[in-house]
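Novice: So that you have it, the file is final24.json, and it contains JSON, C-alpha atoms and all ligand atoms:
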```
[["chain", "number", "residue", "atom", "x", "y", "z"],
["H", 353, "MET", "CA", 15.56, 5.78, 8.99],
["H", 354, "SER", "CA", 16.95, 5.86, 5.47],
["H", 355, "GLU", "CA", 19.35, 8.47, 4.14],
["H", 356, "VAL", "CA", 17.08, 8.69, 1.10],
["H", 357, "LYS", "CA", 14.19, 11.07, 1.68],
["H", 358, "ILE", "CA", 11.68, 12.26, -0.88],
["H", 359, "ASN", "CA", 9.33, 15.23, -0.84],
["H", 360, "PRO", "CA", 6.43, 14.75, -3.28],
["H", 361, "GLU", "CA", 6.52, 18.43, -4.26],
["H", 362, "GLY", "CA", 7.17, 18.55, -8.01],
["H", 363, "LYS", "CA", 7.39, 14.75, -8.20],
["H", 364, "VAL", "CA", 5.36, 12.20, -10.16],
["H", 365, "ALA", "CA", 3.62, 9.38, -8.29],
["H", 366, "LEU", "CA", 1.62, 6.26, -9.08],
["H", 367, "VAL", "CA", -0.83, 4.78, -6.59],
["H", 368, "SER", "CA", -2.35, 1.37, -7.30],
["H", 369, "GLY", "CA", -5.97, 1.06, -6.18],
["H", 370, "GLY", "CA", -6.14, 4.84, -6.23],
["H", 371, "ASN", "CA", -9.89, 5.11, -6.75],
["H", 372, "ARG", "CA", -11.16, 4.50, -3.21],
["H", 373, "GLY", "CA", -10.21, 3.95, 0.42],
["H", 374, "ILE", "CA", -6.61, 4.46, 1.51],
["H", 375, "GLY", "CA", -5.33, 4.65, -2.07],
["H", 376, "LYS", "CA", -7.67, 7.50, -2.98],
["H", 377, "ALA", "CA", -6.66, 9.37, 0.18],
["H", 378, "ILE", "CA", -2.97, 8.97, -0.73],
["H", 379, "VAL", "CA", -3.65, 10.26, -4.26],
["H", 380, "VAL", "CA", -5.33, 13.35, -2.81],
["H", 381, "GLU", "CA", -2.63, 13.90, -0.16],
["H", 382, "LEU", "CA", 0.15, 13.71, -2.76],
["H", 383, "LEU", "CA", -1.64, 16.23, -4.97],
["H", 384, "GLU", "CA", -2.38, 18.55, -2.05],
["H", 385, "ARG", "CA", 1.30, 18.37, -1.00],
["H", 386, "GLY", "CA", 2.45, 19.53, -4.43],
["H", 387, "ALA", "CA", 3.04, 16.43, -6.58],
["H", 388, "SER", "CA", 3.22, 17.58, -10.18],
["H", 389, "LYS", "CA", 1.29, 14.54, -11.38],
["H", 390, "VAL", "CA", -0.33, 11.49, -9.83],
["H", 391, "TYR", "CA", -1.30, 8.42, -11.81],
["H", 392, "ALA", "CA", -4.28, 6.94, -10.00],
["H", 393, "GLY", "CA", -4.43, 3.24, -10.83],
["H", 394, "ALA", "CA", -7.91, 1.78, -11.09],
["H", 395, "ARG", "CA", -9.39, -1.31, -12.65],
["H", 396, "ASN", "CA", -12.22, 0.94, -13.81],
["H", 397, "PRO", "CA", -10.88, 4.46, -14.52],
["H", 398, "GLU", "CA", -14.43, 5.84, -14.65],
["H", 399, "THR", "CA", -14.40, 5.64, -10.86],
["H", 400, "LEU", "CA", -11.91, 8.54, -10.96],
["H", 401, "VAL", "CA", -14.17, 11.04, -12.73],
["H", 402, "VAL", "CA", -14.79, 13.20, -9.64],
["H", 403, "LEU", "CA", -11.07, 13.39, -8.72],
["H", 404, "LYS", "CA", -10.21, 14.16, -12.34],
["H", 405, "GLU", "CA", -12.68, 17.06, -12.37],
["H", 406, "LYS", "CA", -11.11, 18.48, -9.23],
["H", 407, "TYR", "CA", -7.42, 18.11, -10.10],
["H", 408, "GLY", "CA", -7.43, 18.32, -13.92],
["H", 409, "ASP", "CA", -4.19, 17.44, -15.73],
["H", 410, "ARG", "CA", -2.32, 16.66, -12.50],
["H", 411, "LEU", "CA", -4.55, 13.61, -11.94],
["H", 412, "VAL", "CA", -4.08, 10.93, -14.58],
["H", 413, "PRO", "CA", -6.48, 7.97, -14.43],
["H", 414, "LEU", "CA", -4.52, 4.82, -15.24],
["H", 415, "LYS", "CA", -6.27, 1.59, -16.08],
["H", 416, "LEU", "CA", -4.45, -0.92, -13.91],
["H", 417, "ASP", "CA", -5.18, -4.43, -12.71],
["H", 418, "VAL", "CA", -2.11, -5.57, -10.79],
["H", 419, "THR", "CA", -2.91, -9.24, -11.48],
["H", 420, "ASP", "CA", -2.86, -8.72, -15.26],
["H", 421, "LYS", "CA", 0.62, -8.75, -16.83],
["H", 422, "ASP", "CA", -0.54, -6.86, -19.94],
["H", 423, "SER", "CA", -2.16, -4.18, -17.81],
["H", 424, "VAL", "CA", 1.07, -3.75, -15.80],
["H", 425, "ALA", "CA", 3.14, -3.59, -19.00],
["H", 426, "GLU", "CA", 0.84, -0.89, -20.42],
["H", 427, "ALA", "CA", 1.06, 1.05, -17.15],
["H", 428, "VAL", "CA", 4.85, 1.21, -17.24],
["H", 429, "LYS", "CA", 4.73, 2.49, -20.84],
["H", 430, "THR", "CA", 2.26, 5.23, -19.94],
["H", 431, "ALA", "CA", 3.75, 6.18, -16.58],
["H", 432, "SER", "CA", 7.47, 5.93, -17.32],
["H", 433, "ASP", "CA", 8.12, 9.22, -15.51],
["H", 434, "VAL", "CA", 7.17, 7.95, -12.05],
["H", 435, "ASP", "CA", 9.32, 8.94, -9.03],
["H", 436, "ILE", "CA", 7.14, 7.47, -6.26],
["H", 437, "LEU", "CA", 5.41, 4.10, -6.51],
["H", 438, "ILE", "CA", 2.75, 3.32, -3.91],
["H", 439, "ASN", "CA", 1.72, -0.35, -3.89],
["H", 440, "ASN", "CA", -1.65, 0.06, -2.23],
["H", 441, "ALA", "CA", -4.09, -2.22, -4.13],
["H", 442, "GLY", "CA", -5.25, -5.04, -1.93],
["H", 443, "VAL", "CA", -8.03, -7.49, -1.13],
["H", 444, "LEU", "CA", -9.19, -9.11, 2.09],
["H", 445, "LYS", "CA", -11.12, -12.32, 2.72],
["H", 446, "PHE", "CA", -12.43, -12.84, 6.24],
["H", 447, "ASP", "CA", -11.12, -16.35, 6.67],
["H", 448, "SER", "CA", -9.00, -18.26, 9.15],
["H", 449, "ILE", "CA", -6.18, -20.50, 8.02],
["H", 450, "LEU", "CA", -8.34, -23.38, 9.29],
["H", 451, "GLY", "CA", -11.28, -22.36, 7.07],
["H", 452, "LYS", "CA", -12.57, -24.85, 4.50],
["H", 453, "ASP", "CA", -11.83, -22.41, 1.66],
["H", 454, "ALA", "CA", -8.49, -21.28, 3.11],
["H", 455, "GLY", "CA", -6.41, -22.50, 0.16],
["H", 456, "GLU", "CA", -8.62, -20.86, -2.46],
["H", 457, "ASN", "CA", -8.90, -17.63, -0.48],
["H", 458, "LEU", "CA", -5.17, -17.54, 0.12],
["H", 459, "ALA", "CA", -4.42, -18.00, -3.58],
["H", 460, "PHE", "CA", -6.78, -15.16, -4.53],
["H", 461, "GLN", "CA", -5.30, -12.79, -1.97],
["H", 462, "ILE", "CA", -1.76, -13.75, -2.95],
["H", 463, "SER", "CA", -2.51, -12.91, -6.58],
["H", 464, "VAL", "CA", -3.34, -9.29, -5.67],
["H", 465, "ASN", "CA", -1.54, -8.58, -2.38],
["H", 466, "VAL", "CA", 1.71, -10.41, -3.09],
["H", 467, "GLN", "CA", 2.19, -11.12, -6.78],
["H", 468, "GLY", "CA", 0.61, -7.77, -7.63],
["H", 469, "VAL", "CA", 3.23, -5.91, -5.57],
["H", 470, "ILE", "CA", 6.13, -7.82, -7.11],
["H", 471, "SER", "CA", 4.77, -7.53, -10.63],
["H", 472, "LEU", "CA", 4.22, -3.76, -10.46],
["H", 473, "THR", "CA", 7.45, -3.02, -8.60],
["H", 474, "ASN", "CA", 9.62, -5.10, -10.90],
["H", 475, "ALA", "CA", 8.04, -3.39, -13.89],
["H", 476, "PHE", "CA", 8.93, 0.07, -12.54],
["H", 477, "VAL", "CA", 12.19, -0.48, -10.70],
["H", 478, "ASN", "CA", 14.52, 0.33, -13.59],
["H", 479, "GLU", "CA", 12.71, 3.62, -14.16],
["H", 480, "LEU", "CA", 12.92, 4.46, -10.45],
["H", 481, "LYS", "CA", 16.64, 3.76, -10.31],
["H", 482, "GLN", "CA", 17.22, 6.40, -12.97],
["H", 483, "ARG", "CA", 15.78, 9.19, -10.80],
["H", 484, "GLU", "CA", 17.90, 11.42, -8.61],
["H", 485, "VAL", "CA", 15.66, 10.27, -5.76],
["H", 486, "ALA", "CA", 12.74, 7.85, -5.79],
["H", 487, "ALA", "CA", 10.56, 5.76, -3.49],
["H", 488, "ILE", "CA", 8.58, 2.56, -3.29],
["H", 489, "ALA", "CA", 6.00, 2.33, -0.48],
["H", 490, "ASN", "CA", 4.25, -1.00, 0.08],
["H", 491, "VAL", "CA", 1.03, -1.05, 2.06],
["H", 492, "SER", "CA", 1.29, -4.10, 4.32],
["H", 493, "SER", "CA", -0.70, -4.19, 7.58],
["H", 494, "LEU", "CA", -0.26, -4.64, 11.31],
["H", 495, "ALA", "CA", -1.76, -8.06, 10.53],
["H", 496, "GLY", "CA", 1.38, -8.71, 8.51],
["H", 497, "LEU", "CA", 3.54, -8.38, 11.62],
["H", 498, "ALA", "CA", 1.56, -10.99, 13.57],
["H", 499, "ASN", "CA", -1.21, -13.29, 12.40],
["H", 500, "MET", "CA", -4.72, -12.13, 13.25],
["H", 501, "PRO", "CA", -6.69, -15.42, 13.15],
["H", 502, "VAL", "CA", -10.02, -13.87, 12.10],
["H", 503, "ILE", "CA", -8.26, -12.72, 8.92],
["H", 504, "GLY", "CA", -5.65, -15.46, 9.01],
["H", 505, "THR", "CA", -5.11, -16.00, 5.29],
["H", 506, "TYR", "CA", -4.98, -12.24, 4.66],
["H", 507, "SER", "CA", -2.37, -11.93, 7.43],
["H", 508, "VAL", "CA", -0.22, -14.47, 5.60],
["H", 509, "THR", "CA", -0.24, -12.30, 2.47],
["H", 510, "LYS", "CA", 0.56, -9.14, 4.40],
["H", 511, "ALA", "CA", 3.48, -10.90, 6.15],
["H", 512, "ALA", "CA", 4.70, -11.65, 2.64],
["H", 513, "VAL", "CA", 4.44, -7.94, 1.77],
["H", 514, "HIS", "CA", 6.58, -7.18, 4.83],
["H", 515, "SER", "CA", 9.17, -9.68, 3.61],
["H", 516, "ILE", "CA", 8.99, -8.36, 0.04],
["H", 517, "THR", "CA", 9.63, -4.87, 1.39],
["H", 518, "GLN", "CA", 12.70, -6.03, 3.28],
["H", 519, "GLY", "CA", 13.91, -7.81, 0.15],
["H", 520, "TYR", "CA", 13.57, -4.74, -2.07],
["H", 521, "ARG", "CA", 15.23, -2.61, 0.60],
["H", 522, "ALA", "CA", 18.24, -4.93, 0.64],
["H", 523, "GLU", "CA", 18.39, -5.15, -3.15],
["H", 524, "LEU", "CA", 18.15, -1.38, -3.56],
["H", 525, "ALA", "CA", 20.28, -0.37, -0.57],
["H", 526, "GLU", "CA", 23.01, 1.16, -2.70],
["H", 527, "THR", "CA", 20.59, 3.16, -4.84],
["H", 528, "ASN", "CA", 18.61, 6.37, -4.66],
["H", 529, "VAL", "CA", 15.37, 4.45, -3.97],
["H", 530, "LEU", "CA", 13.74, 4.68, -0.53],
["H", 531, "VAL", "CA", 11.79, 1.48, 0.26],
["H", 532, "SER", "CA", 9.12, 1.92, 2.92],
["H", 533, "GLY", "CA", 6.66, -0.49, 4.48],
["H", 534, "VAL", "CA", 3.32, 0.88, 5.67],
["H", 535, "TYR", "CA", 1.63, -0.98, 8.53],
["H", 536, "PRO", "CA", -1.89, 0.35, 9.14],
["H", 537, "GLY", "CA", -4.17, -0.88, 11.91],
["H", 538, "ALA", "CA", -7.94, -0.74, 11.44],
["H", 539, "ILE", "CA", -8.90, 1.97, 8.93],
["H", 540, "ASP", "CA", -12.41, 3.02, 7.97],
["H", 541, "THR", "CA", -12.79, 1.89, 4.33],
["H", 542, "ASP", "CA", -14.98, -0.51, 2.33],
["H", 543, "MET", "CA", -12.54, -3.28, 3.29],
["H", 544, "THR", "CA", -13.41, -3.06, 6.99],
["H", 545, "LYS", "CA", -17.08, -2.07, 6.75],
["H", 546, "ASP", "CA", -18.17, -5.29, 8.51],
["H", 547, "MET", "CA", -15.63, -4.96, 11.32],
["H", 548, "GLU", "CA", -16.96, -3.32, 14.44],
["H", 549, "MET", "CA", -14.01, -1.70, 16.16],
["H", 550, "GLY", "CA", -12.38, 1.69, 16.52],
["H", 551, "LYS", "CA", -10.95, 2.78, 13.17],
["H", 552, "ASP", "CA", -8.75, 5.62, 12.04],
["H", 553, "THR", "CA", -9.35, 7.55, 8.81],
["H", 554, "PRO", "CA", -7.77, 6.93, 5.38],
["H", 555, "GLU", "CA", -6.83, 10.63, 5.38],
["H", 556, "ASN", "CA", -4.69, 10.21, 8.50],
["H", 557, "VAL", "CA", -2.97, 7.21, 6.91],
["H", 558, "ALA", "CA", -2.29, 9.21, 3.75],
["H", 559, "LYS", "CA", -0.80, 12.10, 5.71],
["H", 560, "ALA", "CA", 1.48, 9.73, 7.64],
["H", 561, "VAL", "CA", 2.61, 8.04, 4.43],
["H", 562, "VAL", "CA", 3.63, 11.34, 2.84],
["H", 563, "ASP", "CA", 5.25, 12.54, 6.08],
["H", 564, "GLY", "CA", 7.10, 9.21, 6.23],
["H", 565, "LEU", "CA", 8.48, 9.57, 2.71],
["H", 566, "ILE", "CA", 9.64, 13.10, 3.48],
["H", 567, "ALA", "CA", 11.36, 11.87, 6.67],
["H", 568, "GLY", "CA", 12.85, 8.81, 4.92],
["H", 569, "LEU", "CA", 11.05, 6.34, 7.20],
["H", 570, "GLU", "CA", 11.52, 2.68, 6.35],
["H", 571, "ASP", "CA", 8.62, 1.59, 8.59],
["H", 572, "ILE", "CA", 5.52, 3.76, 8.64],
["H", 573, "TYR", "CA", 2.94, 3.20, 11.40],
["H", 574, "PRO", "CA", 0.26, 5.55, 10.13],
["H", 575, "ASP", "CA", -2.60, 5.51, 12.65],
["H", 576, "VAL", "CA", -3.35, 5.38, 16.37],
["H", 577, "MET", "CA", -3.56, 1.58, 16.62],
["H", 578, "SER", "CA", -0.42, 0.98, 14.60],
["H", 579, "GLU", "CA", 1.53, 3.65, 16.48],
["H", 580, "GLN", "CA", 0.79, 1.80, 19.73],
["H", 581, "LEU", "CA", 1.29, -1.77, 18.49],
["H", 582, "GLY", "CA", 4.09, -0.89, 16.10],
["H", 583, "ALA", "CA", 6.12, 0.47, 19.00],
["H", 584, "GLY", "CA", 5.44, -2.79, 20.85],
["H", 585, "TYR", "CA", 6.49, -4.84, 17.84],
["H", 586, "GLY", "CA", 9.92, -3.26, 17.98],
["H", 587, "THR", "CA", 10.55, -4.43, 21.53],
["H", 588, "SER", "CA", 8.29, -7.49, 21.91],
["H", 589, "PRO", "CA", 6.75, -9.14, 18.81],
["H", 590, "LYS", "CA", 5.19, -11.78, 21.09],
["H", 591, "THR", "CA", 3.00, -9.12, 22.71],
["H", 592, "ILE", "CA", 1.30, -8.41, 19.37],
["H", 593, "GLU", "CA", 1.00, -12.10, 18.55],
["H", 594, "LYS", "CA", -0.78, -12.72, 21.86],
["H", 595, "GLU", "CA", -2.98, -9.63, 21.45],
["H", 596, "PHE", "CA", -4.07, -10.62, 17.90],
["H", 597, "ALA", "CA", -4.64, -14.25, 18.96],
["H", 598, "LYS", "CA", -7.71, -12.99, 20.84],
["H", 599, "TYR", "CA", -9.37, -12.09, 17.50],
["H", 600, "ILE", "CA", -10.84, -15.47, 16.53],
["H", 601, "GLY", "CA", -13.69, -15.60, 13.99],
["H", 701, "LIG", "N1", -8.69, -0.77, 5.75],
["H", 701, "LIG", "C1", -7.85, -1.27, 6.65],
["H", 701, "LIG", "O1", -8.16, -1.40, 7.85],
["H", 701, "LIG", "C2", -6.46, -1.69, 6.23],
["H", 701, "LIG", "C3", -5.54, -2.00, 7.25],
["H", 701, "LIG", "C4", -4.26, -2.41, 6.89],
["H", 701, "LIG", "C5", -3.90, -2.47, 5.56],
["H", 701, "LIG", "N2", -4.80, -2.16, 4.59],
["H", 701, "LIG", "C6", -4.36, -2.26, 3.20],
["H", 701, "LIG", "O2", -4.52, -0.99, 2.60],
["H", 701, "LIG", "C7", -4.69, -1.13, 1.19],
["H", 701, "LIG", "C8", -5.94, -0.38, 0.76],
["H", 701, "LIG", "O3", -7.04, -0.95, 1.45],
["H", 701, "LIG", "P1", -8.44, -0.19, 1.65],
["H", 701, "LIG", "O4", -8.82, -0.37, 3.06],
["H", 701, "LIG", "O5", -8.38, 1.17, 1.07],
["H", 701, "LIG", "O6", -9.38, -1.16, 0.80],
["H", 701, "LIG", "P2", -10.56, -0.89, -0.23],
["H", 701, "LIG", "O7", -11.32, 0.32, 0.16],
["H", 701, "LIG", "O8", -11.27, -2.19, -0.33],
["H", 701, "LIG", "O9", -9.79, -0.57, -1.60],
["H", 701, "LIG", "C9", -9.03, -1.57, -2.22],
["H", 701, "LIG", "C10", -8.43, -0.99, -3.48],
["H", 701, "LIG", "O10", -7.64, -2.01, -4.12],
["H", 701, "LIG", "C11", -8.06, -2.09, -5.48],
["H", 701, "LIG", "N3", -7.83, -3.41, -6.06],
["H", 701, "LIG", "C12", -8.31, -4.60, -5.66],
["H", 701, "LIG", "N4", -7.91, -5.59, -6.49],
["H", 701, "LIG", "C13", -7.15, -4.99, -7.45],
["H", 701, "LIG", "C14", -6.44, -5.45, -8.58],
["H", 701, "LIG", "N5", -6.44, -6.74, -8.94],
["H", 701, "LIG", "N6", -5.75, -4.55, -9.33],
["H", 701, "LIG", "C15", -5.74, -3.24, -9.00],
["H", 701, "LIG", "N7", -6.42, -2.72, -7.95],
["H", 701, "LIG", "C16", -7.10, -3.60, -7.18],
["H", 701, "LIG", "C17", -9.54, -1.74, -5.44],
["H", 701, "LIG", "O11", -9.99, -1.44, -6.74],
["H", 701, "LIG", "P3", -11.53, -1.67, -7.20],
["H", 701, "LIG", "O12", -12.28, -0.43, -6.81],
["H", 701, "LIG", "O13", -11.45, -1.87, -8.68],
["H", 701, "LIG", "O14", -12.03, -2.89, -6.47],
["H", 701, "LIG", "C18", -9.50, -0.56, -4.49],
["H", 701, "LIG", "O15", -9.07, 0.60, -5.15],
["H", 701, "LIG", "C19", -4.79, -2.65, 0.95],
["H", 701, "LIG", "O16", -3.54, -3.14, 0.54],
["H", 701, "LIG", "C20", -5.15, -3.19, 2.31],
["H", 701, "LIG", "O17", -4.79, -4.54, 2.46],
["H", 701, "LIG", "C21", -6.08, -1.78, 4.90]]
```
Show the structure stored in the file as structure tokens.
Ligand SMILES: NC(=O)c1ccc[n+]([C@@H]2O[C@H](COP(=O)([O-])OP(=O)(O)OC[C@H]3O[C@@H](n4cnc5c(N)ncnc54)[C@H](OP(=O)(O)O)[C@@H]3O)[C@@H](O)[C@H]2O)c1
Specialist:
Amino acid sequence: MSEVKINPEGKVALVSGGNRGIGKAIVVELLERGASKVYAGARNPETLVVLKEKYGDRLVPLKLDVTDKDSVAEAVKTASDVDILINNAGVLKFDSILGKDAGENLAFQISVNVQGVISLTNAFVNELKQREVAAIANVSSLAGLANMPVIGTYSVTKAAVHSITQGYRAELAETNVLVSGVYPGAIDTDMTKDMEMGKDTPENVAKAVVDGLIAGLEDIYPDVMSEQLGAGYGTSPKTIEKEFAKYIG
């Protein structure tokens, strides 16, 4: 647990990929828990019309493609008052690392899941350091803690997000910026619509993320599956590796 804790009440947040799935749920949770303003990043801001109607001025649609340097630069100009940065945008290819398109699929996922996180965070970090208290939360995955072969190339990118999170935490240790990793299990969104397994809700993830920021948690296990396996990861990483190895495509 970090000494830096942040309550979203009265704070300004930015959520990448805030138009659907887990990102949308985090946008809503932050607003419901009293954030003064939330920038909802979306490649197509028109997808935010319904949220905008509901939350008015407190919801600011922000055109944002995390793979586009100009888009990121524009975002930091518009949203220079951010206190909480949630790196949520992500993509998944169902592909093993032995797949014939593994290299291509890996490169695509790295561009969003890995380079996108670094690009957006580095653009905002100087702003965040100026706040009395601030936070960066990176949405990794349980599949980033051990490779899940059926989504092997995706797992590689989410392991990188875990490492990136550790790196930012070390770099920012002497600052007012909480750096949290979020490690969801299977969550019911468009991303997992073809996966038949028990899934938790994006709303439960969002609640756990906000609770985690308030508590100053460095590692957030936000759903039933991740609570169980995350606890196991702490004591025996091999157990998760062996469990995930059963999921072969
Ligand atoms: N669902 C799960 O079981 C699960 C488990 C562990 C971790 N996660 C992680 O949770 C995060 C959210 O996933 P989700 O399940 O909510 O997926 P989702 O429903 O597919 O939503 C993905 C979001 O990312 C956005 N996005 C994709 N590429 C982008 C880019 N280049 N620039 C900006 N935004 C981009 C999408 O925007 P568009 O609408 O424009 O495509 C969308 O808002 C991801 O990082 C994912 O890896 C998900």
Novice: So which one's closest to ligand LIG 701 (chain H), H:Thr430, H:Gln467, H:Asn396, H:Ser423? Using all atoms listed in the file, please.
Specialist: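 The shortest atom-to-atom distance to ligand LIG 701 (chain H) comes from H:Asn396.
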Novice: Residues up to 7 Å from ligand LIG 701 (chain H), counting all atoms listed in the file: could you list those as a short mmCIF file (atom, residue, chain, number, x, y, z; two decimals) with C-alpha atoms, in the frame of the given file?
Specialist:
```cif
data_model
loop_
_atom_site.label_atom_id
_atom_site.label_comp_id
_atom_site.auth_asym_id
_atom_site.auth_seq_id
_atom_site.Cartn_x
_atom_site.Cartn_y
_atom_site.Cartn_z
CA SER H 368 -2.35 1.37 -7.30
CA GLY H 369 -5.97 1.06 -6.18
CA GLY H 370 -6.14 4.84 -6.23
CA ASN H 371 -9.89 5.11 -6.75
CA ARG H 372 -11.16 4.50 -3.21
CA GLY H 373 -10.21 3.95 0.42
CA ILE H 374 -6.61 4.46 1.51
CA GLY H 375 -5.33 4.65 -2.07
CA GLY H 393 -4.43 3.24 -10.83
CA ALA H 394 -7.91 1.78 -11.09
CA ARG H 395 -9.39 -1.31 -12.65
CA ASN H 396 -12.22 0.94 -13.81
CA LEU H 416 -4.45 -0.92 -13.91
CA ASP H 417 -5.18 -4.43 -12.71
CA VAL H 418 -2.11 -5.57 -10.79
CA THR H 419 -2.91 -9.24 -11.48
CA ASN H 440 -1.65 0.06 -2.23
CA ALA H 441 -4.09 -2.22 -4.13
CA GLY H 442 -5.25 -5.04 -1.93
CA VAL H 443 -8.03 -7.49 -1.13
CA LEU H 444 -9.19 -9.11 2.09
CA VAL H 464 -3.34 -9.29 -5.67
CA ASN H 465 -1.54 -8.58 -2.38
CA VAL H 491 1.03 -1.05 2.06
CA SER H 492 1.29 -4.10 4.32
CA SER H 493 -0.70 -4.19 7.58
CA LEU H 494 -0.26 -4.64 11.31
CA TYR H 535 1.63 -0.98 8.53
CA PRO H 536 -1.89 0.35 9.14
CA GLY H 537 -4.17 -0.88 11.91
CA ALA H 538 -7.94 -0.74 11.44
CA ILE H 539 -8.90 1.97 8.93
CA ASP H 540 -12.41 3.02 7.97
CA THR H 541 -12.79 1.89 4.33
CA ASP H 542 -14.98 -0.51 2.33
CA MET H 543 -12.54 -3.28 3.29
CA THR H 544 -13.41 -3.06 6.99
#
```
Novice: Distance cut-off 10 Å, centre (-4.0, -10.5, 0.2) in file coordinates, counting only C-alpha atoms: which residues qualify? Return them as a ChimeraX atom specification.
Specialist: /H:441-445,457-468,492,503,505-513
Novice: Mind dumping a table of every range 480-521 of chain H residue within 12 Å of range 570-588 of chain H, with the nearest atom pair and its distance in Å to one decimal, using all atoms listed in the file, sorted by chain and rising number, as CSV?
Specialist:
```
residue,atom,partner,partner_atom,distance
H:Ala487,CA,H:Glu570,CA,10.4
H:Ile488,CA,H:Glu570,CA,10.1
H:Ala489,CA,H:Glu570,CA,8.8
H:Asn490,CA,H:Ile572,CA,9.9
H:Val491,CA,H:Ile572,CA,9.3
H:Ser492,CA,H:Ile572,CA,9.9
H:Ser493,CA,H:Ser578,CA,8.7
H:Leu494,CA,H:Ser578,CA,6.5
H:Ala495,CA,H:Ser578,CA,10.0
H:Gly496,CA,H:Gly582,CA,11.2
H:Leu497,CA,H:Tyr585,CA,7.7
H:Ala498,CA,H:Tyr585,CA,9.0
H:His514,CA,H:Asp571,CA,9.8
H:Thr517,CA,H:Glu570,CA,9.2
H:Gln518,CA,H:Glu570,CA,9.3
H:Tyr520,CA,H:Glu570,CA,11.4
H:Arg521,CA,H:Glu570,CA,8.6
```
Novice: So what do you get for CA of Lys357 in chain H versus CA of Val412 in chain H, distance-wise?
Specialist: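 So the two atoms, CA of Lys357 in chain H and CA of Val412 in chain H, lie 24.5 Å apart.
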Novice: Can you measure CA of Ala560 in chain H to CA of Pro397 in chain H for me? One decimal in Å is fine.
Specialist: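 Separation of CA of Ala560 in chain H and CA of Pro397 in chain H: 25.9 Å.
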Novice: Could you tell me how far CA of Ile436 in chain H sits from CA of Glu381 in chain H, in Å to one decimal place?
Specialist: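 One can read the CA of Glu381 in chain H to CA of Ile436 in chain H distance as 13.2 Å.
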Novice: Got a sec: who's within 8 Å of Met500 in chain H, counting all atoms listed in the file, leaving out chain neighbours fewer than 5 positions off, as an MDAnalysis selection string?
Specialist: chainID H and resid 495 507 593 596:597 599:600
Novice: So, counting only C-alpha atoms, which residue among H:Met547, H:Thr527, H:Val534, H:Ala392 is closest to Val562 in chain H?
Specialist: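 Answer, going by the shortest atom-to-atom distance: H:Val534.
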Novice: Leaving out Arg483 in chain H and any residue of its chain fewer than 2 positions from it, which residues lie within 10 Å of it when counting only C-alpha atoms, given as a list in words?
Specialist: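 Counting only C-alpha atoms, the residues come to Asp433, Val434, Asp435, Ile436, Asn478, Glu479, Leu480, Lys481, Val485, Ala486, Ala487, Thr527, Asn528 and Val529 of chain H.
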